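Text of model_17.csv (CSV, C-alpha atoms) as supplied:
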chain,number,residue,atom,x,y,z
A,1,MET,CA,100.5,109.8,96.0
A,2,SER,CA,97.8,107.4,95.0
A,3,ASP,CA,100.1,106.1,92.2
A,4,ARG,CA,102.6,104.8,94.8
A,5,ILE,CA,100.0,102.9,96.9
A,6,PRO,CA,99.9,99.8,94.7
A,7,LEU,CA,103.7,99.7,94.7
A,8,LEU,CA,103.8,100.0,98.5
A,9,LEU,CA,101.1,97.5,98.9
A,10,ALA,CA,102.9,95.1,96.5
A,11,LEU,CA,105.5,94.7,99.3
A,12,VAL,CA,102.9,92.8,101.3
A,13,PRO,CA,102.4,89.8,98.8
A,14,LEU,CA,106.2,89.9,98.2
A,15,GLY,CA,106.8,89.4,101.9
A,16,LEU,CA,104.1,86.7,102.1
A,17,ALA,CA,105.7,85.0,99.1
A,18,GLY,CA,109.0,85.0,100.9
A,19,LEU,CA,107.4,83.5,104.0
A,20,ALA,CA,105.7,80.8,101.9
A,21,TRP,CA,109.0,80.0,100.1
A,22,TRP,CA,110.7,79.8,103.5
A,23,ARG,CA,108.1,77.5,104.9
A,24,GLY,CA,107.3,75.3,101.9
A,25,GLY,CA,109.8,76.0,99.1
A,26,VAL,CA,109.0,77.2,95.6
A,27,GLU,CA,105.9,74.9,95.5
A,28,LEU,CA,104.1,76.8,98.3
A,29,ALA,CA,105.2,80.2,96.9
A,30,LEU,CA,103.6,79.3,93.5
A,31,ALA,CA,100.6,77.8,95.2
A,32,GLY,CA,99.8,81.2,96.7
A,33,LEU,CA,99.8,82.9,93.3
A,34,VAL,CA,97.7,80.1,91.7
A,35,GLN,CA,95.2,80.4,94.6
A,36,GLY,CA,95.0,84.1,94.2
A,37,SER,CA,94.6,84.0,90.5
A,38,ASN,CA,91.8,81.4,90.8
A,39,THR,CA,90.0,83.6,93.3
A,40,LEU,CA,90.4,86.6,91.0
A,41,LEU,CA,89.2,84.6,88.0
A,42,SER,CA,86.1,83.5,89.9
A,43,VAL,CA,85.0,87.1,90.7
A,44,ILE,CA,85.8,88.6,87.2
A,45,PRO,CA,82.1,88.5,86.0
A,46,LEU,CA,81.1,90.1,89.3
A,47,LEU,CA,83.7,92.8,89.0
A,48,ILE,CA,82.8,93.6,85.4
A,49,ALA,CA,79.1,94.0,86.3
A,50,ALA,CA,80.0,96.1,89.4
A,51,PHE,CA,82.3,98.5,87.5
A,52,LEU,CA,79.7,98.8,84.7
A,53,ILE,CA,77.0,99.8,87.3
A,54,ALA,CA,79.4,102.3,89.0
A,55,GLY,CA,80.1,104.0,85.7
A,56,LEU,CA,76.5,104.1,84.6
A,57,ILE,CA,75.2,105.5,87.9
A,58,GLN,CA,77.8,108.2,87.8
A,59,THR,CA,76.5,109.3,84.4
A,60,LEU,CA,72.8,108.9,85.3
A,61,VAL,CA,72.6,110.4,88.8
A,62,ASN,CA,72.3,114.2,88.5
A,63,GLN,CA,74.8,115.6,90.9
A,64,GLU,CA,73.2,119.0,90.9
A,65,LEU,CA,70.0,117.5,92.1
A,66,VAL,CA,71.7,115.8,95.1
A,67,THR,CA,73.5,119.0,95.9
A,68,ARG,CA,70.2,120.9,95.9
A,69,TRP,CA,68.5,118.4,98.2
A,70,LEU,CA,71.3,118.4,100.7
A,71,GLY,CA,72.1,122.1,100.6
A,72,ALA,CA,68.5,123.3,101.1
A,73,GLY,CA,67.8,121.4,104.3
A,74,SER,CA,68.5,122.3,107.9
A,75,GLY,CA,67.8,120.7,111.3
A,76,TRP,CA,66.5,117.2,111.4
A,77,ARG,CA,65.2,117.4,107.9
A,78,GLY,CA,68.6,118.4,106.5
A,79,ILE,CA,70.2,115.6,108.4
A,80,ALA,CA,67.7,113.0,107.2
A,81,LEU,CA,68.2,114.2,103.6
A,82,ALA,CA,72.0,114.2,104.1
A,83,CYS,CA,71.7,110.6,105.3
A,84,LEU,CA,69.6,109.6,102.3
A,85,GLY,CA,71.9,111.4,99.8
A,86,GLY,CA,75.0,109.9,101.4
A,87,ALA,CA,73.5,106.4,101.2
A,88,LEU,CA,72.6,106.8,97.5
A,89,ILE,CA,75.6,108.6,96.1
A,90,PRO,CA,77.9,106.1,94.4
A,91,GLY,CA,81.7,106.4,94.0
A,92,GLY,CA,84.8,106.7,96.1
A,93,PRO,CA,86.1,109.6,98.2
A,94,TYR,CA,87.2,111.4,95.0
A,95,VAL,CA,83.4,111.6,94.2
A,96,TYR,CA,81.7,112.5,97.6
A,97,TYR,CA,84.4,114.8,99.2
A,98,PRO,CA,84.2,117.3,96.3
A,99,ILE,CA,80.4,117.3,96.7
A,100,ALA,CA,80.7,117.7,100.5
A,101,ALA,CA,83.2,120.5,100.1
A,102,ALA,CA,80.8,122.3,97.7
A,103,LEU,CA,78.0,122.0,100.3
A,104,LEU,CA,80.3,123.2,103.0
A,105,LYS,CA,81.3,126.3,101.0
A,106,SER,CA,77.7,127.0,100.0
A,107,GLY,CA,76.5,127.1,103.6
A,108,ALA,CA,75.5,123.7,104.8
A,109,GLY,CA,75.6,123.0,108.5
A,110,LEU,CA,78.2,120.8,110.3
A,111,GLY,CA,75.6,118.1,111.3
A,112,VAL,CA,74.4,117.8,107.7
A,113,LEU,CA,77.9,117.3,106.4
A,114,VAL,CA,78.9,114.8,109.1
A,115,ALA,CA,75.7,112.9,108.5
A,116,PHE,CA,76.3,112.9,104.8
A,117,VAL,CA,79.9,111.5,105.0
A,118,THR,CA,79.0,109.0,107.7
A,119,ALA,CA,75.9,107.7,105.7
A,120,LYS,CA,78.1,107.4,102.7
A,121,ASN,CA,80.6,105.4,104.7
A,122,LEU,CA,78.2,103.1,106.6
A,123,TRP,CA,75.0,103.0,104.5
A,124,SER,CA,76.4,103.1,101.0
A,125,VAL,CA,73.8,101.4,98.8
A,126,SER,CA,76.0,100.9,95.8
A,127,ARG,CA,78.6,99.0,98.0
A,128,LEU,CA,76.0,96.7,99.6
A,129,PRO,CA,75.8,94.1,96.7
A,130,MET,CA,79.6,93.8,96.7
A,131,GLU,CA,79.7,93.5,100.5
A,132,PHE,CA,76.9,90.9,100.3
A,133,ALA,CA,78.7,88.9,97.6
A,134,LEU,CA,82.2,88.9,99.1
A,135,LEU,CA,81.6,88.9,102.9
A,136,GLY,CA,78.4,86.8,102.9
A,137,PRO,CA,74.9,87.6,104.1
A,138,ARG,CA,75.5,87.0,107.8
A,139,LEU,CA,78.4,89.4,108.3
A,140,THR,CA,76.8,92.0,106.0
A,141,VAL,CA,73.4,92.1,107.7
A,142,ILE,CA,74.9,92.2,111.2
A,143,ARG,CA,77.4,94.9,110.2
A,144,PHE,CA,74.7,97.0,108.6
A,145,ALA,CA,72.3,96.6,111.6
A,146,ALA,CA,75.1,97.4,114.1
A,147,THR,CA,75.9,100.7,112.4
A,148,LEU,CA,72.3,101.6,111.3
A,149,ILE,CA,71.6,104.5,113.7
A,150,LEU,CA,75.0,106.0,113.5
A,151,PRO,CA,74.8,108.5,110.6
A,152,PRO,CA,72.0,110.6,112.1
A,153,VAL,CA,73.3,110.2,115.6
A,154,LEU,CA,76.8,111.4,114.7
A,155,GLY,CA,75.3,114.2,112.6
A,156,PHE,CA,73.3,115.4,115.6
A,157,LEU,CA,76.2,114.9,118.0
A,158,ALA,CA,78.5,116.9,115.8
A,159,GLU,CA,75.9,119.7,115.4
A,160,PHE,CA,75.3,119.7,119.2
A,161,LEU,CA,79.0,119.7,120.2
A,162,PHE,CA,80.7,121.8,117.5
A,163,GLY,CA,77.8,123.3,115.4
A,164,GLN,CA,78.7,126.8,116.6
A,165,GLN,CA,82.2,126.4,115.2
A,166,ILE,CA,80.9,126.1,111.6
A,167,GLU,CA,82.4,129.4,110.5
A,168,ARG,CA,85.9,128.5,111.8
A,169,ILE,CA,85.5,125.1,110.1
A,170,ARG,CA,84.5,126.7,106.9
A,171,GLU,CA,87.5,129.1,107.1
A,172,ALA,CA,89.8,126.1,107.5
A,173,THR,CA,88.9,124.7,104.1
A,174,PRO,CA,91.7,125.2,101.6
B,1,MET,CA,78.3,84.2,94.6
B,2,THR,CA,76.4,83.2,91.5
B,3,VAL,CA,73.2,84.9,92.8
B,4,ALA,CA,75.2,88.1,93.4
B,5,THR,CA,76.8,87.9,89.9
B,6,LEU,CA,73.4,87.3,88.3
B,7,SER,CA,71.7,90.1,90.2
B,8,LEU,CA,74.5,92.6,89.5
B,9,THR,CA,74.5,91.6,85.8
B,10,ILE,CA,70.7,92.2,85.6
B,11,LEU,CA,71.1,95.5,87.3
B,12,ALA,CA,73.9,96.5,84.9
B,13,ALA,CA,71.7,95.5,81.9
B,14,ILE,CA,68.7,97.5,83.2
B,15,LEU,CA,70.9,100.6,83.8
B,16,LEU,CA,72.5,100.2,80.4
B,17,LEU,CA,69.1,99.9,78.7
B,18,TYR,CA,67.8,103.0,80.6
B,19,ALA,CA,71.0,105.0,79.6
B,20,TRP,CA,70.7,103.9,76.0
B,21,ARG,CA,67.1,104.9,75.8
B,22,ARG,CA,68.0,108.4,77.0
B,23,ASN,CA,69.6,108.9,73.5
B,24,ASP,CA,72.2,111.3,74.8
B,25,GLY,CA,75.3,109.0,74.8
B,26,SER,CA,74.9,108.2,78.5
B,27,HIS,CA,75.4,104.5,77.9
B,28,ARG,CA,78.7,105.1,76.2
B,29,ARG,CA,79.9,107.6,78.9
B,30,GLY,CA,78.9,105.1,81.6
B,31,ILE,CA,80.8,102.2,80.1
B,32,ILE,CA,83.9,104.4,79.6
B,33,LEU,CA,83.7,105.7,83.2
B,34,GLY,CA,83.3,102.1,84.5
B,35,TRP,CA,86.3,101.0,82.4
B,36,LYS,CA,88.4,103.9,83.6
B,37,THR,CA,87.6,103.1,87.2
B,38,LEU,CA,88.4,99.4,86.6
B,39,ARG,CA,91.7,100.3,84.9
B,40,ARG,CA,92.7,102.6,87.8
B,41,THR,CA,91.9,99.9,90.4
B,42,LEU,CA,93.5,97.0,88.5
B,43,PRO,CA,97.0,97.2,90.0
B,44,LEU,CA,95.5,97.3,93.5
B,45,LEU,CA,93.2,94.4,92.6
B,46,LEU,CA,96.0,92.2,91.4
B,47,VAL,CA,98.0,92.9,94.6
B,48,ALA,CA,95.0,92.3,96.8
B,49,PHE,CA,94.2,89.0,95.2
B,50,ALA,CA,97.9,87.9,95.5
B,51,ILE,CA,97.6,88.7,99.2
B,52,VAL,CA,94.3,86.7,99.3
B,53,GLY,CA,96.1,83.7,97.7
B,54,TYR,CA,99.0,83.8,100.1
B,55,VAL,CA,96.8,84.2,103.2
B,56,ASN,CA,94.9,81.2,101.9
B,57,VAL,CA,97.9,78.9,101.4
B,58,LEU,CA,99.7,80.0,104.5
B,59,SER,CA,96.5,79.4,106.4
B,60,PRO,CA,97.3,81.4,109.5
B,61,GLN,CA,94.2,80.0,111.3
B,62,THR,CA,95.9,79.8,114.7
B,63,MET,CA,97.3,83.3,114.4
B,64,VAL,CA,94.1,84.9,113.2
B,65,GLN,CA,92.1,83.1,115.9
B,66,ALA,CA,94.5,84.2,118.6
B,67,TRP,CA,94.6,87.9,117.5
B,68,LEU,CA,91.1,88.4,116.0
B,69,GLY,CA,89.1,85.4,117.2
B,70,PRO,CA,85.8,85.4,119.1
B,71,ASP,CA,87.7,85.3,122.4
B,72,SER,CA,90.2,88.1,121.5
B,73,GLY,CA,88.2,90.6,123.5
B,74,TRP,CA,89.0,94.3,123.5
B,75,THR,CA,92.6,93.8,122.2
B,76,GLY,CA,91.1,92.0,119.2
B,77,LEU,CA,88.7,94.9,118.6
B,78,LEU,CA,91.4,97.5,119.0
B,79,LEU,CA,93.7,95.5,116.6
B,80,ALA,CA,90.8,95.3,114.1
B,81,GLU,CA,90.2,99.0,114.3
B,82,GLY,CA,93.9,99.8,113.7
B,83,LEU,CA,94.0,97.3,110.8
B,84,GLY,CA,90.8,98.7,109.3
B,85,MET,CA,92.3,102.3,109.2
B,86,LEU,CA,95.3,101.0,107.3
B,87,LEU,CA,93.4,98.9,104.7
B,88,PRO,CA,93.9,100.6,101.3
B,89,GLY,CA,91.6,100.7,98.3
B,90,GLY,CA,87.9,100.3,97.6
B,91,PRO,CA,85.4,97.6,98.4
B,92,TYR,CA,86.7,95.4,95.5
B,93,VAL,CA,90.1,95.3,97.2
B,94,VAL,CA,89.2,95.3,100.9
B,95,PHE,CA,86.2,92.9,101.1
B,96,PRO,CA,88.1,89.9,99.7
B,97,LEU,CA,90.9,90.5,102.3
B,98,ILE,CA,88.4,90.8,105.2
B,99,ALA,CA,86.5,87.7,103.9
B,100,VAL,CA,89.7,85.6,104.0
B,101,LEU,CA,90.4,86.8,107.6
B,102,TYR,CA,86.8,86.0,108.6
B,103,ARG,CA,87.0,82.5,107.1
B,104,ALA,CA,90.4,82.0,108.8
B,105,GLY,CA,88.6,82.3,112.2
B,106,ALA,CA,88.2,86.0,113.0
B,107,GLY,CA,85.3,86.6,115.4
B,108,ILE,CA,82.1,88.3,114.2
B,109,GLY,CA,82.8,91.3,116.6
B,110,PRO,CA,86.3,92.0,115.2
B,111,ALA,CA,85.1,91.4,111.7
B,112,VAL,CA,82.4,94.1,112.2
B,113,THR,CA,85.0,96.4,113.7
B,114,LEU,CA,87.3,95.8,110.8
B,115,VAL,CA,84.6,96.6,108.1
B,116,THR,CA,83.4,99.7,110.1
B,117,SER,CA,86.8,101.0,110.8
B,118,TRP,CA,87.8,100.7,107.1
B,119,ALA,CA,84.5,102.3,106.0
B,120,ALA,CA,84.5,105.3,108.4
B,121,LEU,CA,88.2,105.9,109.4
B,122,ALA,CA,90.4,104.6,106.5
B,123,LEU,CA,93.5,106.9,106.2
B,124,ILE,CA,93.3,106.7,102.5
B,125,SER,CA,89.9,108.4,102.6
B,126,VAL,CA,91.3,111.0,105.0
B,127,SER,CA,93.9,111.8,102.4
B,128,PHE,CA,91.0,113.0,100.3
B,129,GLU,CA,89.0,114.5,103.2
B,130,LEU,CA,91.9,116.8,104.4
B,131,PRO,CA,92.4,118.7,101.1
B,132,PHE,CA,88.7,119.1,100.4
B,133,MET,CA,87.2,119.7,103.8
B,134,GLY,CA,90.0,121.2,105.8
B,135,TRP,CA,91.6,119.9,109.0
B,136,ARG,CA,88.9,121.2,111.4
B,137,PHE,CA,86.1,119.3,109.7
B,138,THR,CA,88.3,116.2,109.4
B,139,ALA,CA,89.2,116.4,113.1
B,140,VAL,CA,85.6,116.6,114.2
B,141,ARG,CA,84.3,113.9,111.8
B,142,TRP,CA,87.2,111.5,112.3
B,143,GLY,CA,87.5,112.1,116.0
B,144,LEU,CA,83.8,111.4,116.6
B,145,GLY,CA,84.1,108.3,114.5
B,146,LEU,CA,86.9,106.8,116.5
B,147,THR,CA,84.7,105.1,119.0
B,148,VAL,CA,82.2,103.8,116.4
B,149,PRO,CA,84.0,100.6,115.2
B,150,LEU,CA,84.8,99.6,118.8
B,151,LEU,CA,81.2,100.1,120.0
B,152,ALA,CA,79.7,98.3,116.9
B,153,GLY,CA,82.1,95.4,117.2
B,154,GLY,CA,81.8,95.1,121.0
B,155,MET,CA,78.0,95.2,120.8
B,156,VAL,CA,77.9,92.5,118.1
B,157,GLN,CA,80.4,90.3,120.0
B,158,LEU,CA,78.2,90.6,123.2
B,159,ILE,CA,75.0,89.6,121.3
B,160,PHE,CA,76.3,86.8,119.0

Would you kindly transcribe this structure into structure tokens?
Amino acid sequence: MSDRIPLLLALVPLGLAGLAWWRGGVELALAGLVQGSNTLLSVIPLLIAAFLIAGLIQTLVNQELVTRWLGAGSGWRGIALACLGGALIPGGPYVYYPIAAALLKSGAGLGVLVAFVTAKNLWSVSRLPMEFALLGPRLTVIRFAATLILPPVLGFLAEFLFGQQIERIREATP
Amino acid sequence: MTVATLSLTILAAILLLYAWRRNDGSHRRGIILGWKTLRRTLPLLLVAFAIVGYVNVLSPQTMVQAWLGPDSGWTGLLLAEGLGMLLPGGPYVVFPLIAVLYRAGAGIGPAVTLVTSWAALALISVSFELPFMGWRFTAVRWGLGLTVPLLAGGMVQLIF
């Protein structure tokens, strides 16, 4: 499925190119491509460094250690550790969902897991330099501040509202 | 931009040095992993930067300002939340797109909603969450998260 996403997404610039061609002829249609290539060229050093960091962190961070910290905790301590682990763990959903699933199967609570995923989504430390560079300091700082309390709050809320359902949730995992 | 590139390059160099000093091939594995990730993301990156280029030359300032501008209110926030869920790909792909919308006149509130919605609710992440975590967990986590981008963006729009 993930192979088809770039193809589907490629329809968007094609449509935009058509719109540019309709509005300003071949000249504007080419100008879009040139503009896009220039932007891409200007961030290539940034991208190389970022992907190098992502690869190195994946080999250096011991995933078993993270699993142990998160799996052992319970209550507010578990949620705090889950938030910390979620913030520090690098990589995309293909990295953190397998870890979260392992925690769920080995007996972690619902609040811990929701806090872990939400902290990864909103606090992700490895994503911050990229966000800072591409969105600018103002938007990044405001966005971070506005969502700062959410990972623990959602963790506690999930535990409070649906914590008793954890066995049924566990049974629903494939 | 240059400060970010410099700091990321230094960080990469430090990590590389640390990995190399562990003497267990970590540095080579890290470089290969990074390269594989880059290669996997490359088609998406090319498409995303083509979109960035076209959005730039088509300069839809008036459209972006009307739909997502500082005065777009709750409809702007709702639109930003929906758009955020649909944005595909990782930060390398999504942040340039959001930056171009923000520069074209999107308000700070809708911009925060957009980033938050993509980060917490993106359907592409849900397509990983469902098979690993099951539908019950996904329903609880995603359902609780639905209000988050709206609240964050609304709060920011009120303050700034």

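Ranking A:Met130, A:Leu139, A:Ala158, A:Phe51 by their shortest atom-to-atom distance to B:Arg40, with only C-alpha atoms included, puts A:Phe51 first.
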
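The space separating atom CA of A:Gly75 from atom CA of A:Phe156 comes to 8.8 Å.
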
Residues within 10 Å of A:Leu14, only C-alpha atoms, excluding chain neighbours under 4 positions, as an mmCIF file with C-alpha atoms, keeping the file's coordinate frame:
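The resulting around06.cif:
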data_model
loop_
_atom_site.group_PDB
_atom_site.id
_atom_site.type_symbol
_atom_site.label_atom_id
_atom_site.label_comp_id
_atom_site.auth_asym_id
_atom_site.auth_seq_id
_atom_site.Cartn_x
_atom_site.Cartn_y
_atom_site.Cartn_z
ATOM 1 C CA LEU A 9 101.100 97.500 98.900
ATOM 2 C CA ALA A 10 102.900 95.100 96.500
ATOM 3 C CA GLY A 18 109.000 85.000 100.900
ATOM 4 C CA LEU A 19 107.400 83.500 104.000
ATOM 5 C CA ALA A 20 105.700 80.800 101.900
ATOM 6 C CA ALA A 29 105.200 80.200 96.900
ATOM 7 C CA VAL B 47 98.000 92.900 94.600
ATOM 8 C CA ALA B 50 97.900 87.900 95.500
ATOM 9 C CA ILE B 51 97.600 88.700 99.200
ATOM 10 C CA TYR B 54 99.000 83.800 100.100
#

Seminar exercise, completed: Among B:Phe132, B:Ser127, B:Trp67, B:Leu83, B:Gly105 is approached most closely, using all atoms listed in the file, by B:Trp67

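Between atom CA of A:Ala80 and atom CA of A:Pro152 the separation is 6.9 Å.
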
Exercise. Expressed in Å to a single decimal, how great is the separation between atom CA of B:Leu150 and atom CA of B:Val64?
Worked result: 18.3 Å

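Comparing B:Leu42, B:Ile14, B:Leu101, B:Val52 by their smallest distance to chain A, the closest is B:Val52 (using all atoms listed in the file).
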